[in-house]
file target13.pdb (PDB, C-alpha atoms and all ligand atoms)
ATOM      1  CA  MET A  88      11.143  19.606   6.017
ATOM      2  CA  THR A  89       7.626  18.330   5.199
ATOM      3  CA  HIS A  90       5.080  19.500   7.727
ATOM      4  CA  THR A  91       4.304  16.513   9.949
ATOM      5  CA  VAL A  92       1.931  16.228  12.873
ATOM      6  CA  LEU A  93       2.774  13.564  15.468
ATOM      7  CA  VAL A  94       0.393  12.066  18.004
ATOM      8  CA  PHE A  95       1.599   9.310  20.338
ATOM      9  CA  LEU A  96      -0.821   6.787  21.805
ATOM     10  CA  ASP A  97      -0.320   7.133  25.535
ATOM     11  CA  PRO A  98      -2.626   5.790  28.271
ATOM     12  CA  ALA A  99      -2.143   9.090  30.162
ATOM     13  CA  TYR A 100      -3.646  11.021  27.217
ATOM     14  CA  PRO A 101      -6.951   9.452  26.041
ATOM     15  CA  ASP A 102      -6.965  11.475  22.778
ATOM     16  CA  GLY A 103      -3.261  11.005  22.170
ATOM     17  CA  ARG A 104      -0.161  13.018  23.136
ATOM     18  CA  VAL A 105       0.775  15.622  20.526
ATOM     19  CA  GLU A 106       4.521  16.020  19.960
ATOM     20  CA  ASP A 107       6.561  18.434  17.895
ATOM     21  CA  ALA A 108       7.910  16.441  14.919
ATOM     22  CA  SER A 109      10.903  18.778  14.617
ATOM     23  CA  LYS A 110      12.098  17.708  18.090
ATOM     24  CA  PRO A 111      13.527  14.311  19.131
ATOM     25  CA  THR A 112      10.585  12.091  20.086
ATOM     26  CA  LEU A 113      11.870   8.482  20.023
ATOM     27  CA  TYR A 114      14.416   6.662  22.182
ATOM     28  CA  ALA A 115      17.506   5.446  20.339
ATOM     29  CA  THR A 116      16.949   2.092  22.092
ATOM     30  CA  ASP A 117      13.453   1.627  20.623
ATOM     31  CA  LEU A 118      13.389  -1.760  18.881
ATOM     32  CA  GLY A 119      11.532  -0.179  15.987
ATOM     33  CA  VAL A 120      14.681   1.870  15.352
ATOM     34  CA  THR A 121      17.356  -0.672  16.192
ATOM     35  CA  ARG A 122      15.741  -3.732  14.575
ATOM     36  CA  GLY A 123      12.895  -2.467  12.389
ATOM     37  CA  ASP A 124      10.749  -4.542  14.742
ATOM     38  CA  GLY A 125       7.189  -3.336  14.396
ATOM     39  CA  ALA A 126       4.385  -2.735  11.940
ATOM     40  CA  PHE A 127       2.792   0.191  10.160
ATOM     41  CA  GLU A 128      -0.082   1.294   7.960
ATOM     42  CA  THR A 129      -0.289   4.173   5.502
ATOM     43  CA  LEU A 130      -3.683   5.559   4.641
ATOM     44  CA  LEU A 131      -5.126   8.485   2.795
ATOM     45  CA  VAL A 132      -7.456  11.242   3.925
ATOM     46  CA  LEU A 133      -9.290  12.950   1.071
ATOM     47  CA  ASP A 134     -11.431  16.014   1.734
ATOM     48  CA  GLY A 135     -11.506  15.201   5.431
ATOM     49  CA  HIS A 136     -12.612  11.590   4.872
ATOM     50  CA  VAL A 137     -10.326   8.813   6.161
ATOM     51  CA  ARG A 138     -10.409   6.119   3.484
ATOM     52  CA  LYS A 139     -10.753   2.400   4.314
ATOM     53  CA  LEU A 140      -9.949   2.911   8.004
ATOM     54  CA  PRO A 141     -11.443  -0.425   9.222
ATOM     55  CA  ALA A 142      -9.444  -2.371   6.603
ATOM     56  CA  HIS A 143      -6.209  -0.641   7.653
ATOM     57  CA  LEU A 144      -6.845  -1.210  11.370
ATOM     58  CA  ASN A 145      -7.663  -4.867  10.715
ATOM     59  CA  ARG A 146      -4.441  -5.305   8.737
ATOM     60  CA  LEU A 147      -2.443  -3.576  11.487
ATOM     61  CA  ASN A 148      -3.897  -6.092  13.936
ATOM     62  CA  SER A 149      -3.037  -8.971  11.655
ATOM     63  CA  SER A 150       0.568  -7.730  11.179
ATOM     64  CA  ALA A 151       0.851  -7.309  14.950
ATOM     65  CA  ARG A 152      -0.449 -10.852  15.493
ATOM     66  CA  MET A 153       2.212 -12.227  13.149
ATOM     67  CA  LEU A 154       4.846 -10.265  15.088
ATOM     68  CA  GLY A 155       3.462 -11.357  18.461
ATOM     69  CA  LEU A 156       2.821  -7.729  19.402
ATOM     70  CA  GLU A 157      -0.081  -6.357  21.412
ATOM     71  CA  VAL A 158      -1.459  -3.186  19.906
ATOM     72  CA  PRO A 159      -3.970  -0.649  21.269
ATOM     73  CA  ASP A 160      -7.609  -1.166  20.267
ATOM     74  CA  HIS A 161      -9.199   0.453  17.232
ATOM     75  CA  GLU A 162     -10.815   3.207  19.320
ATOM     76  CA  ALA A 163      -7.444   4.389  20.658
ATOM     77  CA  TRP A 164      -6.068   4.656  17.101
ATOM     78  CA  GLU A 165      -9.214   6.408  15.921
ATOM     79  CA  ARG A 166      -8.993   9.012  18.699
ATOM     80  CA  ALA A 167      -5.320   9.674  17.908
ATOM     81  CA  ILE A 168      -6.163  10.031  14.195
ATOM     82  CA  VAL A 169      -8.904  12.561  15.002
ATOM     83  CA  THR A 170      -6.422  14.535  17.125
ATOM     84  CA  ALA A 171      -3.762  14.397  14.403
ATOM     85  CA  LEU A 172      -6.164  15.608  11.713
ATOM     86  CA  ALA A 173      -7.461  18.439  13.921
ATOM     87  CA  GLU A 174      -3.847  19.560  14.526
ATOM     88  CA  TYR A 175      -3.040  19.257  10.826
ATOM     89  CA  GLN A 176      -6.086  21.311   9.840
ATOM     90  CA  ARG A 177      -5.177  23.955  12.412
ATOM     91  CA  ASP A 178      -1.619  24.179  11.010
ATOM     92  CA  ILE A 179      -2.304  23.866   7.271
ATOM     93  CA  GLY A 180      -5.917  25.047   7.001
ATOM     94  CA  VAL A 181      -7.289  22.199   4.850
ATOM     95  CA  LEU A 182      -7.621  18.405   4.852
ATOM     96  CA  ASP A 183      -7.899  18.007   1.084
ATOM     97  CA  GLU A 184      -5.181  15.330   0.776
ATOM     98  CA  VAL A 185      -3.320  14.051   3.830
ATOM     99  CA  VAL A 186      -1.300  10.899   4.381
ATOM    100  CA  VAL A 187      -1.811   9.273   7.779
ATOM    101  CA  ARG A 188       0.708   6.724   9.029
ATOM    102  CA  LEU A 189       0.065   4.437  11.980
ATOM    103  CA  VAL A 190       3.194   2.949  13.537
ATOM    104  CA  VAL A 191       3.680   0.399  16.293
ATOM    105  CA  THR A 192       7.121  -0.767  17.431
ATOM    106  CA  ARG A 193       8.113  -3.396  19.984
ATOM    107  CA  GLY A 194       9.085  -0.439  22.176
ATOM    108  CA  ILE A 195      12.152   0.540  24.163
ATOM    109  CA  GLU A 196      14.398  -2.450  24.736
ATOM    110  CA  GLY A 197      13.553  -4.169  28.004
ATOM    111  CA  THR A 198      10.202  -2.424  28.611
ATOM    112  CA  HIS A 199       7.839  -4.784  26.716
ATOM    113  CA  THR A 200       5.602  -1.771  26.022
ATOM    114  CA  PRO A 201       4.957  -1.023  22.355
ATOM    115  CA  THR A 202       5.585   2.509  21.118
ATOM    116  CA  CYS A 203       2.646   3.690  18.991
ATOM    117  CA  TRP A 204       2.072   6.860  17.075
ATOM    118  CA  VAL A 205       0.103   8.494  14.297
ATOM    119  CA  ALA A 206       1.808  10.822  11.821
ATOM    120  CA  ALA A 207      -0.055  13.099   9.388
ATOM    121  CA  PHE A 208       1.751  14.763   6.468
ATOM    122  CA  PRO A 209       1.107  15.839   2.855
ATOM    123  CA  PRO A 210       1.561  13.270   0.028
ATOM    124  CA  ALA A 211       4.733  13.399  -2.088
ATOM    125  CA  PRO A 212       4.128  15.125  -5.448
ATOM    126  CA  THR A 213       5.385  11.990  -7.261
ATOM    127  CA  ALA A 214       2.225  10.087  -6.204
ATOM    128  CA  LYS A 215      -0.073  12.322  -8.253
ATOM    129  CA  ARG A 216       2.332  12.536 -11.191
ATOM    130  CA  GLN A 217       2.703   8.751 -11.413
ATOM    131  CA  ARG A 218      -1.050   8.186 -11.086
ATOM    132  CA  GLU A 219      -1.656  10.563 -14.000
ATOM    133  CA  HIS A 220       1.208   9.576 -16.302
ATOM    134  CA  GLY A 221       1.872   5.960 -15.351
ATOM    135  CA  VAL A 222       5.118   4.243 -14.431
ATOM    136  CA  ASP A 223       7.877   2.167 -16.000
ATOM    137  CA  VAL A 224       8.655  -0.945 -14.013
ATOM    138  CA  LEU A 225      11.407  -3.545 -13.688
ATOM    139  CA  LEU A 226      10.711  -7.169 -12.784
ATOM    140  CA  LEU A 227      13.043  -8.116  -9.917
ATOM    141  CA  ASP A 228      13.517 -11.508  -8.274
ATOM    142  CA  ARG A 229      12.645 -11.454  -4.573
ATOM    143  CA  GLY A 230      14.502 -14.710  -4.053
ATOM    144  CA  TYR A 231      11.770 -16.713  -2.297
ATOM    145  CA  ASP A 232       9.434 -19.217  -3.896
ATOM    146  CA  SER A 233       5.701 -18.523  -3.915
ATOM    147  CA  THR A 234       4.933 -21.186  -1.269
ATOM    148  CA  ILE A 235       7.411 -20.006   1.359
ATOM    149  CA  ALA A 236       4.988 -17.872   3.423
ATOM    150  CA  GLU A 237       3.254 -20.828   5.015
ATOM    151  CA  ARG A 238       6.430 -22.897   5.463
ATOM    152  CA  ALA A 239       8.428 -20.048   7.008
ATOM    153  CA  PRO A 240       6.127 -17.780   9.027
ATOM    154  CA  TRP A 241       9.182 -16.144  10.647
ATOM    155  CA  LEU A 242       9.825 -14.359   7.345
ATOM    156  CA  LEU A 243       6.681 -12.349   8.169
ATOM    157  CA  LEU A 244       5.628 -12.295   4.527
ATOM    158  CA  GLY A 245       2.140 -10.835   4.404
ATOM    159  CA  ALA A 246       2.770  -8.587   7.434
ATOM    160  CA  LYS A 247       3.369  -4.878   6.912
ATOM    161  CA  THR A 248       6.466  -4.715   9.088
ATOM    162  CA  LEU A 249       8.752  -1.728   9.593
ATOM    163  CA  SER A 250      11.563  -3.640   7.857
ATOM    164  CA  TYR A 251      11.170  -1.978   4.474
ATOM    165  CA  ALA A 252      14.888  -1.514   3.759
ATOM    166  CA  VAL A 253      14.775  -4.293   1.120
ATOM    167  CA  ASN A 254      11.734  -2.729  -0.559
ATOM    168  CA  MET A 255      13.442   0.679  -0.629
ATOM    169  CA  ALA A 256      16.671  -0.871  -1.986
ATOM    170  CA  ALA A 257      14.685  -2.473  -4.826
ATOM    171  CA  LEU A 258      13.188   0.915  -5.684
ATOM    172  CA  ARG A 259      16.626   2.563  -5.674
ATOM    173  CA  TYR A 260      17.916  -0.245  -7.935
ATOM    174  CA  ALA A 261      15.088   0.508 -10.384
ATOM    175  CA  HIS A 262      15.592   4.288 -10.213
ATOM    176  CA  GLU A 263      19.309   3.902 -10.960
ATOM    177  CA  ARG A 264      18.296   2.056 -14.145
ATOM    178  CA  GLY A 265      15.785   4.684 -15.277
ATOM    179  CA  ALA A 266      12.617   2.891 -14.095
ATOM    180  CA  ASP A 267      10.077   4.235 -11.611
ATOM    181  CA  ASP A 268       9.035   1.113  -9.779
ATOM    182  CA  VAL A 269       9.392  -2.636  -9.343
ATOM    183  CA  ILE A 270       7.277  -5.769  -9.596
ATOM    184  CA  PHE A 271       8.781  -8.588  -7.557
ATOM    185  CA  THR A 272       8.715 -12.133  -8.897
ATOM    186  CA  SER A 273       9.205 -15.341  -6.912
ATOM    187  CA  SER A 274      12.074 -17.772  -7.525
ATOM    188  CA  ASP A 275       9.488 -20.123  -9.116
ATOM    189  CA  GLY A 276       8.521 -17.431 -11.621
ATOM    190  CA  LYS A 277       5.276 -16.041 -10.195
ATOM    191  CA  VAL A 278       4.319 -12.369 -10.153
ATOM    192  CA  LEU A 279       4.164 -11.104  -6.556
ATOM    193  CA  GLU A 280       3.738  -7.390  -5.750
ATOM    194  CA  GLY A 281       5.439  -4.014  -5.886
ATOM    195  CA  PRO A 282       7.624  -2.848  -2.973
ATOM    196  CA  THR A 283       4.748  -0.560  -1.897
ATOM    197  CA  SER A 284       1.830  -1.682  -4.075
ATOM    198  CA  THR A 285      -0.382  -4.510  -5.320
ATOM    199  CA  VAL A 286      -0.309  -5.659  -8.956
ATOM    200  CA  LEU A 287      -3.533  -5.694 -10.990
ATOM    201  CA  VAL A 288      -3.919  -7.105 -14.500
ATOM    202  CA  ALA A 289      -6.875  -6.637 -16.862
ATOM    203  CA  HIS A 290      -8.098  -8.444 -19.954
ATOM    204  CA  ALA A 291     -11.019  -7.085 -21.931
ATOM    205  CA  GLU A 292     -12.958  -7.917 -25.072
ATOM    206  CA  THR A 293     -15.009  -5.534 -27.161
ATOM    207  CA  ASP A 294     -17.723  -6.131 -29.790
ATOM    208  CA  ASP A 295     -17.768  -4.534 -33.249
ATOM    209  CA  ASP A 296     -19.364  -1.392 -31.815
ATOM    210  CA  GLY A 297     -16.598  -0.996 -29.269
ATOM    211  CA  HIS A 298     -18.728  -2.057 -26.298
ATOM    212  CA  LEU A 299     -16.862  -3.953 -23.617
ATOM    213  CA  THR A 300     -18.201  -7.514 -23.578
ATOM    214  CA  LEU A 301     -15.719  -8.956 -21.097
ATOM    215  CA  LYS A 302     -13.717  -7.319 -18.309
ATOM    216  CA  ARG A 303     -11.475  -9.515 -16.232
ATOM    217  CA  LEU A 304      -9.357  -8.260 -13.346
ATOM    218  CA  VAL A 305      -6.676 -10.475 -11.805
ATOM    219  CA  THR A 306      -4.285 -10.005  -8.896
ATOM    220  CA  PRO A 307      -1.592 -12.407  -7.629
ATOM    221  CA  GLN A 308      -2.588 -15.197  -5.239
ATOM    222  CA  LEU A 309      -2.918 -13.783  -1.735
ATOM    223  CA  ASP A 310      -1.106 -16.790  -0.213
ATOM    224  CA  SER A 311       2.028 -16.296  -2.335
ATOM    225  CA  GLY A 312       3.805 -14.257   0.352
ATOM    226  CA  ILE A 313       2.394 -10.862  -0.562
ATOM    227  CA  LEU A 314       0.723  -8.201   1.545
ATOM    228  CA  PRO A 315      -3.066  -8.318   1.110
ATOM    229  CA  GLY A 316      -3.775  -4.823  -0.267
ATOM    230  CA  THR A 317      -6.645  -2.867   1.223
ATOM    231  CA  SER A 318      -6.964  -0.998  -2.094
ATOM    232  CA  GLN A 319      -7.108  -4.234  -4.104
ATOM    233  CA  GLY A 320      -9.714  -5.585  -1.666
ATOM    234  CA  ALA A 321     -11.912  -2.504  -1.961
ATOM    235  CA  LEU A 322     -11.550  -2.311  -5.729
ATOM    236  CA  PHE A 323     -12.388  -6.001  -6.208
ATOM    237  CA  ALA A 324     -15.609  -5.537  -4.220
ATOM    238  CA  ALA A 325     -16.607  -2.576  -6.397
ATOM    239  CA  ALA A 326     -15.535  -4.209  -9.664
ATOM    240  CA  LYS A 327     -17.583  -7.309  -8.894
ATOM    241  CA  GLU A 328     -20.698  -5.174  -8.475
ATOM    242  CA  ALA A 329     -19.883  -3.485 -11.782
ATOM    243  CA  GLY A 330     -19.775  -6.812 -13.662
ATOM    244  CA  TRP A 331     -16.046  -7.498 -13.778
ATOM    245  CA  GLU A 332     -14.837 -11.096 -13.597
ATOM    246  CA  LEU A 333     -12.266 -11.438 -10.832
ATOM    247  CA  GLY A 334      -9.314 -13.767 -10.386
ATOM    248  CA  TYR A 335      -6.488 -14.438  -7.917
ATOM    249  CA  GLY A 336      -3.502 -15.585  -9.966
ATOM    250  CA  PRO A 337      -1.283 -17.412 -10.295
ATOM    251  CA  LEU A 338       0.264 -14.846 -12.625
ATOM    252  CA  GLU A 339       3.512 -15.152 -14.533
ATOM    253  CA  PRO A 340       5.444 -12.378 -16.301
ATOM    254  CA  ASP A 341       3.939 -13.371 -19.691
ATOM    255  CA  ASP A 342       0.477 -12.641 -18.264
ATOM    256  CA  LEU A 343       1.643  -9.063 -17.680
ATOM    257  CA  PHE A 344       3.067  -8.698 -21.188
ATOM    258  CA  ASP A 345      -0.147 -10.146 -22.728
ATOM    259  CA  ALA A 346      -2.514  -7.988 -20.632
ATOM    260  CA  ASP A 347      -4.669  -5.154 -21.921
ATOM    261  CA  ALA A 348      -3.609  -3.142 -18.883
ATOM    262  CA  VAL A 349      -1.479  -3.533 -15.765
ATOM    263  CA  TRP A 350      -1.628  -1.262 -12.723
ATOM    264  CA  LEU A 351       0.050  -0.834  -9.388
ATOM    265  CA  ILE A 352      -2.450   0.132  -6.723
ATOM    266  CA  SER A 353      -1.977   1.415  -3.179
ATOM    267  CA  SER A 354      -3.740   3.658  -0.714
ATOM    268  CA  VAL A 355      -1.794   6.845  -1.413
ATOM    269  CA  ARG A 356      -0.758   6.565  -5.070
ATOM    270  CA  LEU A 357      -4.122   4.990  -5.978
ATOM    271  CA  LEU A 358      -4.552   3.252  -9.351
ATOM    272  CA  THR A 359      -1.327   3.818 -11.299
ATOM    273  CA  PRO A 360      -1.017   2.509 -14.875
ATOM    274  CA  VAL A 361       2.118   0.572 -15.818
ATOM    275  CA  ASN A 362       3.430   1.841 -19.164
ATOM    276  CA  HIS A 363       6.458  -0.415 -19.629
ATOM    277  CA  ILE A 364       7.830  -3.529 -17.951
ATOM    278  CA  ASP A 365      11.528  -4.253 -18.568
ATOM    279  CA  GLY A 366      11.283  -1.773 -21.445
ATOM    280  CA  LYS A 367       8.351  -3.515 -23.165
ATOM    281  CA  SER A 368       5.168  -1.548 -23.701
ATOM    282  CA  ILE A 369       2.055  -2.875 -21.889
ATOM    283  CA  GLY A 370      -1.413  -3.006 -23.465
ATOM    284  CA  SER A 371      -1.311  -2.760 -27.260
ATOM    285  CA  ASP A 372      -4.501  -0.636 -27.460
ATOM    286  CA  SER A 373      -3.918   2.614 -25.589
ATOM    287  CA  THR A 374      -7.571   3.716 -25.954
ATOM    288  CA  LEU A 375      -8.788   0.499 -24.327
ATOM    289  CA  ARG A 376      -6.141   0.849 -21.617
ATOM    290  CA  GLY A 377      -7.336   4.399 -20.932
ATOM    291  CA  ARG A 378     -10.994   3.301 -20.777
ATOM    292  CA  LEU A 379     -10.243   0.510 -18.330
ATOM    293  CA  THR A 380      -8.150   2.826 -16.156
ATOM    294  CA  GLU A 381     -10.902   5.445 -16.115
ATOM    295  CA  GLU A 382     -13.564   2.908 -15.188
ATOM    296  CA  LEU A 383     -11.565   1.302 -12.372
ATOM    297  CA  ALA A 384     -10.337   4.643 -11.012
ATOM    298  CA  ALA A 385     -13.936   5.873 -10.795
ATOM    299  CA  LEU A 386     -15.049   2.649  -9.080
ATOM    300  CA  PHE A 387     -12.191   2.866  -6.591
ATOM    301  CA  ASP A 388     -12.906   6.494  -5.888
ATOM    302  CA  ARG A 389     -16.525   5.740  -5.099
ATOM    303  CA  ILE A 390     -15.901   2.808  -2.773
ATOM    304  CA  ALA A 391     -12.734   3.881  -0.919
TER     305      ALA A 391
HETATM  306  C1  LIG A 401       4.299  -4.494  -0.089
HETATM  307  C2  LIG A 401       3.008  -3.781  -0.304
HETATM  308  N1  LIG A 401       2.046  -4.382  -1.049
HETATM  309  C3  LIG A 401       0.860  -3.771  -1.267
HETATM  310  C4  LIG A 401       0.589  -2.504  -0.770
HETATM  311  C5  LIG A 401      -0.736  -1.855  -1.042
HETATM  312  O1  LIG A 401      -1.512  -1.849   0.108
HETATM  313  P1  LIG A 401      -2.718  -0.833   0.312
HETATM  314  O2  LIG A 401      -3.562  -0.919  -0.902
HETATM  315  O3  LIG A 401      -3.406  -1.347   1.508
HETATM  316  O4  LIG A 401      -2.121   0.521   0.487
HETATM  317  C6  LIG A 401       1.545  -1.853   0.019
HETATM  318  C7  LIG A 401       1.264  -0.529   0.570
HETATM  319  O5  LIG A 401       2.117   0.186   0.982
HETATM  320  C8  LIG A 401       2.781  -2.509   0.255
HETATM  321  O6  LIG A 401       3.727  -1.928   0.991
END
call {"tool": "encode", "arguments": {"input": "target13.pdb", "output": "structure tokens", "more": "lines below"}}
Ligand SMILES: Cc1ncc(COP(=O)(O)O)c(C=O)c1O
result
Amino acid sequence: MTHTVLVFLDPAYPDGRVEDASKPTLYATDLGVTRGDGAFETLLVLDGHVRKLPAHLNRLNSSARMLGLEVPDHEAWERAIVTALAEYQRDIGVLDEVVVRLVVTRGIEGTHTPTCWVAAFPPAPTAKRQREHGVDVLLLDRGYDSTIAERAPWLLLGAKTLSYAVNMAALRYAHERGADDVIFTSSDGKVLEGPTSTVLVAHAETDDDGHLTLKRLVTPQLDSGILPGTSQGALFAAAKEAGWELGYGPLEPDDLFDADAVWLISSVRLLTPVNHIDGKSIGSDSTLRGRLTEELAALFDRIA
């Protein structure tokens, strides 16, 4: 079993209550377990530094608001994270690369008290491999149109809820067909997001000497029922400073096939190049694709 440190947020323990992850720690009547009713965040700690913590805590608050859940304040989460990382370092010795997950559920049925915890564990080896070698992706229909989020707020699109069974099923569907990942499309033909990542698309132009004269980075419209990515947000801020033109969709599958590069980006896997979509190769110029990936990866590394 992967080594996991668990720290529950508990008013009786200001720095969090440490629990043994190999022992039972949740009630079988917790609504997070029985209904997937809750929210979570997954963030990365690199060399002891917690990346983009304010953005993750803000998004946790916004997911909780959409769910009508009251969550502990930022300070309580921060103290529990500090405790979890100290425990992790004591057990493992280093904090070079650690995944930290924040979870809030609606709590044990009938109590109206959310259950909240922080888990710290090492990243899966696939994250690094995919970041370095890229991924093959299938386009899969999510079945909603791109305007549904506002019309049907009960679908909780744009919240990072615990109900990820559909996202995991889409990944299994892709794996069974030899692909690594998925890009969801809407029923009206717009590009949405990956099951655990944001889609980024680049177009570039070079002059006769090979200098980049135009760099344009586009992500799907944030109001199309997708989760606003903290990685995309951070990267866009850095790319703007570095002279990239930025855009927020709408994107259609042809925009992916015509792009110079497509990536999936998320907090743990980071910037991951997409090699093929539905079997078609992406980005006709592999040198240009490599240059763009290198530049954006360096920007993201600096800002996150
Ligand atoms: C559906 C979805 N979209 C996008 C992302 C990327 O978000 P972030 O960059 O904040 O990790 C995630 C992360 O897990 C996700 O689950």
call {"tool": "closest_atom_pairs", "arguments": {"input": "target13.pdb", "of": "chain A", "to": "ligand LIG 401 (chain A)", "cutoff": "7 Å", "atoms": "only C-alpha atoms and all ligand atoms", "output": "CSV"}}
result
residue,atom,partner,partner_atom,distance
A:Thr129,CA,A:LIG401,O4,6.5
A:Leu130,CA,A:LIG401,O4,6.7
A:His143,CA,A:LIG401,O3,6.8
A:Lys247,CA,A:LIG401,O6,6.6
A:Glu280,CA,A:LIG401,N1,5.8
A:Gly281,CA,A:LIG401,N1,5.9
A:Pro282,CA,A:LIG401,C1,4.7
A:Thr283,CA,A:LIG401,O6,3.4
A:Ser284,CA,A:LIG401,C4,3.6
A:Thr285,CA,A:LIG401,C3,4.3
A:Ile313,CA,A:LIG401,N1,6.5
A:Leu314,CA,A:LIG401,N1,4.8
A:Pro315,CA,A:LIG401,C3,6.5
A:Gly316,CA,A:LIG401,O1,3.8
A:Thr317,CA,A:LIG401,O3,3.6
A:Ser318,CA,A:LIG401,O2,3.6
A:Gln319,CA,A:LIG401,O2,5.8
A:Ile352,CA,A:LIG401,O2,6.0
A:Ser353,CA,A:LIG401,O2,3.6
A:Ser354,CA,A:LIG401,O4,3.7
A:Val355,CA,A:LIG401,O4,6.6
call {"tool": "atom_distance", "arguments": {"input": "target13.pdb", "atom1": "atom CA of Lys302 of chain A", "atom2": "atom CA of Lys277 of chain A"}}
result
22.4 Å
call {"tool": "residues_around", "arguments": {"input": "target13.pdb", "residues": "segment 223-237 of chain A", "least_positions_apart": "4", "cutoff": "6 Å", "atoms": "all atoms listed in the file", "output": "list in words"}}
result
Leu244, Ala266, Asp267, Asp268, Val269, Ile270, Phe271, Thr272, Ser273, Ser274, Asp275, Ser311, Gly312, Val361, Asn362, His363, Ile364 and Asp365 of chain A
call {"tool": "residues_around", "arguments": {"input": "target13.pdb", "residues": "Pro201 of chain A", "least_positions_apart": "2", "cutoff": "10 Å", "atoms": "only C-alpha atoms", "output": "MDAnalysis selection string"}}
result
chainID A and resid 96 117:119 125 156:159 190:196 198:199 203:204
call {"tool": "residues_around", "arguments": {"input": "target13.pdb", "residues": "Gly103 of chain A", "least_positions_apart": "5", "cutoff": "9 Å", "atoms": "only C-alpha atoms", "output": "MDAnalysis selection string"}}
result
chainID A and resid 94:98 163:164 166:168 170:171 204:205
call {"tool": "residues_around", "arguments": {"input": "target13.pdb", "residues": "Pro209 of chain A", "least_positions_apart": "3", "cutoff": "7 Å", "atoms": "all atoms listed in the file", "output": "NGL selection string"}}
result
:A and (184-186)
call {"tool": "closest_residue", "arguments": {"input": "target13.pdb", "among": "A:Leu93, A:Leu182, A:Val120, A:Tyr251", "to": "Leu133 of chain A", "atoms": "only C-alpha atoms"}}
result
A:Leu182
call {"tool": "residues_around", "arguments": {"input": "target13.pdb", "residues": "segment 329-336 of chain A", "least_positions_apart": "5", "cutoff": "9 Å", "atoms": "only C-alpha atoms", "output": "number ranges by chain"}}
result
A: 277-278, 301-309, 323-324, 386
call {"tool": "closest_residue", "arguments": {"input": "target13.pdb", "among": "A:Ala173, A:Leu249, A:Ala151, A:Ala142", "to": "Thr121 of chain A", "atoms": "all atoms listed in the file"}}
result
A:Leu249
call {"tool": "closest_residue", "arguments": {"input": "target13.pdb", "among": "A:Arg146, A:Arg389, A:Arg378, A:His136", "to": "Leu172 of chain A", "atoms": "only C-alpha atoms"}}
result
A:His136
call {"tool": "closest_residue", "arguments": {"input": "target13.pdb", "among": "A:Arg376, A:Asp345, A:Thr202, A:Leu140", "to": "Tyr114 of chain A", "atoms": "only C-alpha atoms"}}
result
A:Thr202
call {"tool": "closest_residue", "arguments": {"input": "target13.pdb", "among": "A:Asp294, A:Glu381, A:Glu128, A:Glu219", "to": "Ala207 of chain A", "atoms": "all atoms listed in the file"}}
result
A:Glu128
call {"tool": "closest_residue", "arguments": {"input": "target13.pdb", "among": "A:Ala348, A:Ala391, A:Val92, A:Val132", "to": "Asp178 of chain A", "atoms": "only C-alpha atoms"}}
result
A:Val92
call {"tool": "atom_distance", "arguments": {"input": "target13.pdb", "atom1": "atom CA of Tyr260 of chain A", "atom2": "atom CA of Lys367 of chain A"}}
result
18.3 Å
call {"tool": "atom_distance", "arguments": {"input": "target13.pdb", "atom1": "atom CA of Leu379 of chain A", "atom2": "atom CA of Leu338 of chain A"}}
result
19.5 Å
call {"tool": "build_atoms", "arguments": {"input": "target13.pdb", "residues": "segment 152-162 of chain A", "atoms": "N, CA and C atoms", "output": "PDB file, keeping the file's coordinate frame"}}
result
ATOM      1  N   ARG A 152      -0.303  -9.450  15.069  1.00  0.00           N
ATOM      2  CA  ARG A 152      -0.449 -10.852  15.493  1.00  0.00           C
ATOM      3  C   ARG A 152       0.728 -11.686  14.981  1.00  0.00           C
ATOM      4  N   MET A 153       1.097 -11.455  13.712  1.00  0.00           N
ATOM      5  CA  MET A 153       2.212 -12.227  13.149  1.00  0.00           C
ATOM      6  C   MET A 153       3.525 -11.918  13.865  1.00  0.00           C
ATOM      7  N   LEU A 154       3.631 -10.684  14.374  1.00  0.00           N
ATOM      8  CA  LEU A 154       4.846 -10.265  15.088  1.00  0.00           C
ATOM      9  C   LEU A 154       4.785 -10.603  16.575  1.00  0.00           C
ATOM     10  N   GLY A 155       3.616 -11.105  17.033  1.00  0.00           N
ATOM     11  CA  GLY A 155       3.462 -11.357  18.461  1.00  0.00           C
ATOM     12  C   GLY A 155       3.471 -10.080  19.274  1.00  0.00           C
ATOM     13  N   LEU A 156       2.852  -9.036  18.740  1.00  0.00           N
ATOM     14  CA  LEU A 156       2.821  -7.729  19.402  1.00  0.00           C
ATOM     15  C   LEU A 156       1.395  -7.406  19.830  1.00  0.00           C
ATOM     16  N   GLU A 157       1.256  -6.825  20.992  1.00  0.00           N
ATOM     17  CA  GLU A 157      -0.081  -6.357  21.412  1.00  0.00           C
ATOM     18  C   GLU A 157      -0.210  -4.898  21.019  1.00  0.00           C
ATOM     19  N   VAL A 158      -1.291  -4.591  20.318  1.00  0.00           N
ATOM     20  CA  VAL A 158      -1.459  -3.186  19.906  1.00  0.00           C
ATOM     21  C   VAL A 158      -2.705  -2.605  20.563  1.00  0.00           C
ATOM     22  N   PRO A 159      -2.774  -1.283  20.713  1.00  0.00           N
ATOM     23  CA  PRO A 159      -3.970  -0.649  21.269  1.00  0.00           C
ATOM     24  C   PRO A 159      -5.198  -0.968  20.415  1.00  0.00           C
ATOM     25  N   ASP A 160      -6.394  -0.830  21.016  1.00  0.00           N
ATOM     26  CA  ASP A 160      -7.609  -1.166  20.267  1.00  0.00           C
ATOM     27  C   ASP A 160      -7.918  -0.089  19.206  1.00  0.00           C
ATOM     28  N   HIS A 161      -8.868  -0.432  18.353  1.00  0.00           N
ATOM     29  CA  HIS A 161      -9.199   0.453  17.232  1.00  0.00           C
ATOM     30  C   HIS A 161      -9.585   1.847  17.709  1.00  0.00           C
ATOM     31  N   GLU A 162     -10.325   1.903  18.831  1.00  0.00           N
ATOM     32  CA  GLU A 162     -10.815   3.207  19.320  1.00  0.00           C
ATOM     33  C   GLU A 162      -9.642   4.127  19.670  1.00  0.00           C
TER      34      GLU A 162
END
